[in-house]
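Enquirer: Structure provided below as structure tokens; questions to follow.
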Amino acid sequence: MSTLTRTEASQASSARNKKRLTAFLFVVPLLIFILLSFVAPIASMLWRSVHHPTVATLIPLTLSELQRWDGKTVPDQQTLNVFAQELHSLAKVRESGKLAEEINRASAGMSSVVKSTARKISRLDSQQLAQQGGEILLKSHRKWSRPDIWFAIQRAGKPYTYDYYLTALDLELDQEHGIQVREDTQIYLQLYSKTLSMALVITIFCALLGYPLAYYLARLPENRANLLLVLVLLPFWTSLLVRTTAWIALLQTNGVINSFLLGIGVISQPFEMLYTSFATVVAMTHILLPFMILPLYSVMRGIDPSYLRAALSLGARPIPAFARIYFPMTLPGLSAGALLVFIISVGYYITPALVGGTDGQMISNIIAFHMQRSNNWELAAALGSLLLALILLLYWLYDRFVGASNIKLG
Amino acid sequence: MARTLTTRFSTFALAAALGTASFAASAEETLTVVSWGGAYGAAQQKHVIDPFQKDTGNKVLFEDYTGGVAEIKAQVESGNIQWDVVDFEVIDLERACSEGLLETIPHDILPAGIDGVPADKDFIPEALASECAVGNIVWSVVFAYNEKTIGDTKAASISDFFDTSKIPGKRALRKRPQVNMEWALLADGVAPGDVYEMLSTPEGQARAFAKLDTIKQDIVWFDSWSQAPQLLNDGGAVLVQSANGRFYDAIRQEKKPFVIVWDGHVYDLDAWAIVKGSEKKDLALKFIAYATGSKPLAGMPDVAYGPTRKSSMPLADQSAAPHLPTAHLDKGMQAGSDFWADYGESLGEKFNEWLLK
Amino acid sequence: MSKIPAYYGFWYHLGSWLLKTSSWLVLLFLIMPILVIIPLSFNVEPFFSFTEGMLTFQPEAYSLRWYSAIFSDDKWLLAIKNSFLIGFFATLLATVLGTCAAVGLARDDMPMRRLITALLLSPMIVPLIITAAGMFFFYSDLGLAGNYLGVIIAHAALGTPFVIITVTATLTGFDYSLARAAINLGATPLRVFFDIIMPLIRPGVISGALFAFITSFDEVVVILFMAGPQQRTIPRQMFSGLREQINPSILAIATLLILMSIVLLITIELLRRRATRMRGIEQIE
């Protein structure tokens, strides 16, 4: 092979660049679409988890007064007067509720203090408040004389914050001791570990049920296996809501399973199965099982049965032969299926919401709760960001070991 | 090839254009009215929504929700207003109103009663107490049992609800602190007049939670009033909390052997309100004026809810009179709208933590 | 089977028998819940369980009342219309964008292929609750929440990964020198795409489109967060039905959805076989 001249080399590289550009141009429309319709929304969620200027816009004057505050005693009279005035004008335009809610997040139980104070103050006129606002404030509730409340207000007033991550990790910032574990209630870490352990249980069940079936199907003649695979694919293609409905019909107190067991006299009292974590695990195992079977089956089909036969005919015992020769060859399928089932179940929402009751709830459900019920969107965003980090880690593993585009779709 | 391609693309484009046009048309001047579904929703459909559509020619999308202020708050704060008119429990109303989630409603839009009495004299005073809403019914939170599942000892008082040794079995409650906290204190012997004062203190709250703790293992939680009659029917729970009208309807229409226990009932109003920022505020006002007229309200006793206009009662089905909350006021207490405006949020939070414990 | 020593014949047969039995039990577990729904949807009573009349096959225990309830209820009719409408447009968008991208991704000279593929497939992996929350914030600010356009865009984004996967699968082993030859002979790139590439990937495109459609058709979390009452879909209606008032109309609609998935499954299966034949590759799957 002769060496290329400089022109030849540059021609070759420009041709290559052109080809790369052509390939890239095909992808650009979708790339832009996904960036705008999918990535940007998620970025806006991450942004919301650290950026929260509501309090800063509601009581700007109080916050600037608080800059002089020493942090140890009650803020001075002037600060209190300014706050009373700001609270008064917020109450007039019916925004004091918003402030109450924000302060409540920083210091639980404060919303009723702020709201009842605002209710009292709104009847007075602002002239009077400019003079005696502080006194009126301190008289209306004893909590206003506690420095930690003002510390909380000051913190809530910062537009950029990592406080929601502290809450999401069951930590809190104490004025004296810095960051420490929340004393009263620990919810979220417990919920994360429960979610992970439920996902693990579901993954194990899927593997235990899916492995023998995939093995059985892989050893059948192709035509027959394809026929039986339809029974695996039908649930896969059936609406998630339909499958969840089916489990509700089966597991209800007077549902199909209980009526059957009562009917044949095995039990005298119906089991409480629906609205428990048991229901969540069973229904999700059913829903995710095809994701385990399909990659396993595909790998097992590719294994030449003569390996095992050869080992057997050479005198190996069946179980060790299976464990040492066949099982390792199926590991790629098993890990692909297990990772996928685990990833999907960690972030699942619909099924636990419908069949899980109180103890079958997972982290997604608490995110939905903060989105829809408690309206604490910032905390939901922080919890969601942590979940996202976990999922991306698992996805990275999946992409490394399996390849993202090798997901089996039947 | 090129021609078929063009044809194909233009077909798609046409379909797309038609589709977009049909979305636009269907979104126009449809008022979204949100209420509670079930028997109450059916009565409203019959006596309010259908006549309104017929008389005024406006289209109404009648949706269900399960109460609370959260969904409205999400809509107002995100600027993504989906609902126009909402049927509120007054227990949640003051909170929504004080947080600026509702439009104010000038009460002079309300027509005089069918007998000519002006609106401000025709309505009971509680119905017009809020600047954000117009009350339409008086209803009550009660509990009931099923003759078929209760056993020999029947429940008679609110303390029986908390007494699992007297009446064993599951209790069903709506998953929220409202009314449940009141019931816990009533069952613990607090006088109805002292309940809210006590609930304002940490000790009183602790006492209510302690009382709820005694039956925590036996509680089935539900989200919507409409689930309640079903739970009582299929044996999911022995004692079930719900709105009195839900039980009344199941007893009357479906001949269920349910018995309502009025002791300790917490009565409240429902009121129509307009979500702040609704683009159809004028139509919404028109709807509320219509919906709180003498005639539509006269249909509410069908489900044992009392109309808030005095002029409606003579037009109503008289057989319901003994089943209306107003016939049992001595055994109950009124829900505290102001209390829950101030404490709804912090107690809601405590309640959820208590649930997860 | 060659030369299996006689002394473990018994264990071998026992093992095979256990394997067969357990496999059939798992198949039963997979299919039974879905089959149970179908007869229940004909229950004359408003319950989710078999009545005595049903078990003894009394004709009067069965009825079509829940089916007629669906087709006479405006909300269900709106939901059915919405599901198909949103599904159609989301599929259209996802299929066009996804097919185009898959063609680019399948080329050897695609820069940063791995990273871009992972990014484009991520809507399939990121939990829907996170996607829905993010979309709720972002689309509300843009005025895209609570209208058809926003929901269609959201569903299209969720559907594209499936199109990429199925189209890429039909493109593996495609020889791009064919396309180059055509260009050298004077064909326009559009013509090359539709005359050479399209026939080859058509089965992949169609099955990708079906996947995208079913993704939209089955999606409920984004709808719950972002859509208004006007955009209520079948799964959304089922979700609130299951949460609030359980009633066998849901079983009736579920039965109809099962029939639909059977039709879709058969279509996909036929397409897959056709794709395998067309490429002349004996695919092991």
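Naming scheme: A, B, ... for chains in displayed order of the structure tokens; residues 1 onward per chain; ligands 1 onward as shown.
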Using only C-alpha atoms, select each residue of chain A with any atom at most 8 Å away from an atom of chain B, and give the selection as a list in words.
Expert: Ala91, Val93, Arg94, Glu95, Ser96, Gly97, Lys98, Glu101, Asn104, Ala108, Gly109, Met110, Ser111, Ser112, Val113, Lys115, Ser116, Thr185, Ile187, Thr253, Asn254, Thr358, Asp359, Gln372, Arg373, Ser374 and Asn375 of chain A
Enquirer: With N, CA and C atoms retained, export the selected residues as a compact mmCIF listing (two decimals), in the first residue's frame.
Expert:
```
# COMPACT_ATOMS: atom_id res chain seq x y z
N ALA A 91 -52.24 39.53 53.03
CA ALA A 91 -53.56 39.04 53.40
C ALA A 91 -54.64 39.75 52.60
N VAL A 93 -54.49 40.85 49.53
CA VAL A 93 -54.62 40.32 48.17
C VAL A 93 -54.71 38.79 48.17
N ARG A 94 -54.97 38.23 49.34
CA ARG A 94 -55.15 36.79 49.50
C ARG A 94 -53.93 36.01 49.02
N GLU A 95 -52.75 36.46 49.45
CA GLU A 95 -51.54 35.70 49.15
C GLU A 95 -50.84 35.24 50.41
N SER A 96 -51.43 35.58 51.56
CA SER A 96 -50.78 35.19 52.81
C SER A 96 -50.77 33.66 52.95
N GLY A 97 -51.78 33.01 52.34
CA GLY A 97 -51.83 31.56 52.39
C GLY A 97 -50.59 30.95 51.77
N LYS A 98 -50.15 31.56 50.67
CA LYS A 98 -48.97 31.06 49.98
C LYS A 98 -47.74 31.17 50.87
N GLU A 101 -47.72 28.62 53.64
CA GLU A 101 -47.34 27.30 53.16
C GLU A 101 -45.82 27.19 53.00
N ASN A 104 -44.19 27.02 56.31
CA ASN A 104 -44.49 25.72 56.90
C ASN A 104 -43.51 24.63 56.43
N ALA A 108 -42.21 22.94 60.20
CA ALA A 108 -43.52 22.30 60.19
C ALA A 108 -44.41 22.85 61.29
N GLY A 109 -45.69 23.03 60.98
CA GLY A 109 -46.64 23.53 61.97
C GLY A 109 -46.82 25.04 61.93
N MET A 110 -45.99 25.73 61.11
CA MET A 110 -46.08 27.19 61.09
C MET A 110 -47.24 27.72 60.25
N SER A 111 -47.80 26.89 59.37
CA SER A 111 -48.80 27.45 58.48
C SER A 111 -50.00 27.97 59.27
N SER A 112 -50.41 27.24 60.32
CA SER A 112 -51.56 27.71 61.07
C SER A 112 -51.22 29.00 61.83
N VAL A 113 -49.97 29.13 62.28
CA VAL A 113 -49.56 30.35 62.97
C VAL A 113 -49.64 31.54 62.01
N LYS A 115 -51.25 31.77 59.19
CA LYS A 115 -52.61 32.02 58.69
C LYS A 115 -53.48 32.71 59.73
N SER A 116 -53.40 32.22 60.98
CA SER A 116 -54.28 32.85 61.97
C SER A 116 -53.80 34.26 62.28
N THR A 185 -39.60 12.59 62.07
CA THR A 185 -40.08 11.55 61.17
C THR A 185 -39.07 11.28 60.09
N ILE A 187 -39.10 9.54 56.60
CA ILE A 187 -40.01 8.93 55.65
C ILE A 187 -39.29 8.46 54.41
N THR A 253 -61.64 -8.27 48.19
CA THR A 253 -62.17 -9.01 49.34
C THR A 253 -63.23 -10.03 48.89
N ASN A 254 -64.13 -9.59 48.01
CA ASN A 254 -65.09 -10.57 47.49
C ASN A 254 -64.81 -10.85 46.02
N THR A 358 -51.99 1.52 51.41
CA THR A 358 -51.03 2.41 52.05
C THR A 358 -49.65 1.79 52.11
N ASP A 359 -49.56 0.49 52.38
CA ASP A 359 -48.22 -0.07 52.57
C ASP A 359 -47.58 -0.57 51.28
N GLN A 372 -49.51 16.24 43.34
CA GLN A 372 -50.95 16.42 43.18
C GLN A 372 -51.71 16.73 44.46
N ARG A 373 -51.20 16.25 45.58
CA ARG A 373 -51.97 16.40 46.81
C ARG A 373 -51.41 17.48 47.73
N SER A 374 -50.11 17.40 48.06
CA SER A 374 -49.58 18.39 48.98
C SER A 374 -49.05 19.60 48.25
N ASN A 375 -49.02 19.57 46.92
CA ASN A 375 -48.56 20.70 46.11
C ASN A 375 -47.16 21.18 46.47
```
Enquirer: Hey, which of B:Gln227, B:Thr30, B:Ser165, B:Ser130 ends up closest to chain C? Count only C-alpha atoms.
Expert: B:Gln227
Enquirer: If we count only C-alpha atoms and set the cut-off at 8 Å, which residues sit around Ser140 of chain B, ignoring sequence neighbours fewer than 4 positions away in its own chain? Please answer as JSON, numbers by chain.
Expert: {"B": [243, 244, 265, 266, 267, 268, 325]}
Enquirer: Counting only C-alpha atoms, which residues of chain B come no farther than 7 Å from chain C, as a compact mmCIF listing (two decimals) with C-alpha atoms, in the first residue's frame?
Expert:
```txt
# COMPACT_ATOMS: atom_id res chain seq x y z
CA SER B 78 -49.11 26.43 37.07
CA GLY B 79 -51.40 28.73 35.12
CA ASN B 80 -52.93 25.70 33.49
CA GLN B 82 -58.74 23.25 33.45
CA SER B 224 -63.78 9.13 47.31
CA SER B 226 -68.49 6.98 46.07
CA GLN B 227 -66.33 4.07 47.24
```
Enquirer: Could you please select, counting only C-alpha atoms, the residues of chain A within 6 Å of chain C and state them as a list in words?
Expert: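 For chain A, the answer reads Arg20, Ala23, Phe26, Val27, Leu30, Pro41, Ile42, Met45, Leu213, Trp237, Thr238, Ser239, Val242, Ala246, Ala249, Gly255, Val256, Ser298, Ser313, Gly347, Gly384 and Ser405 of chain A.
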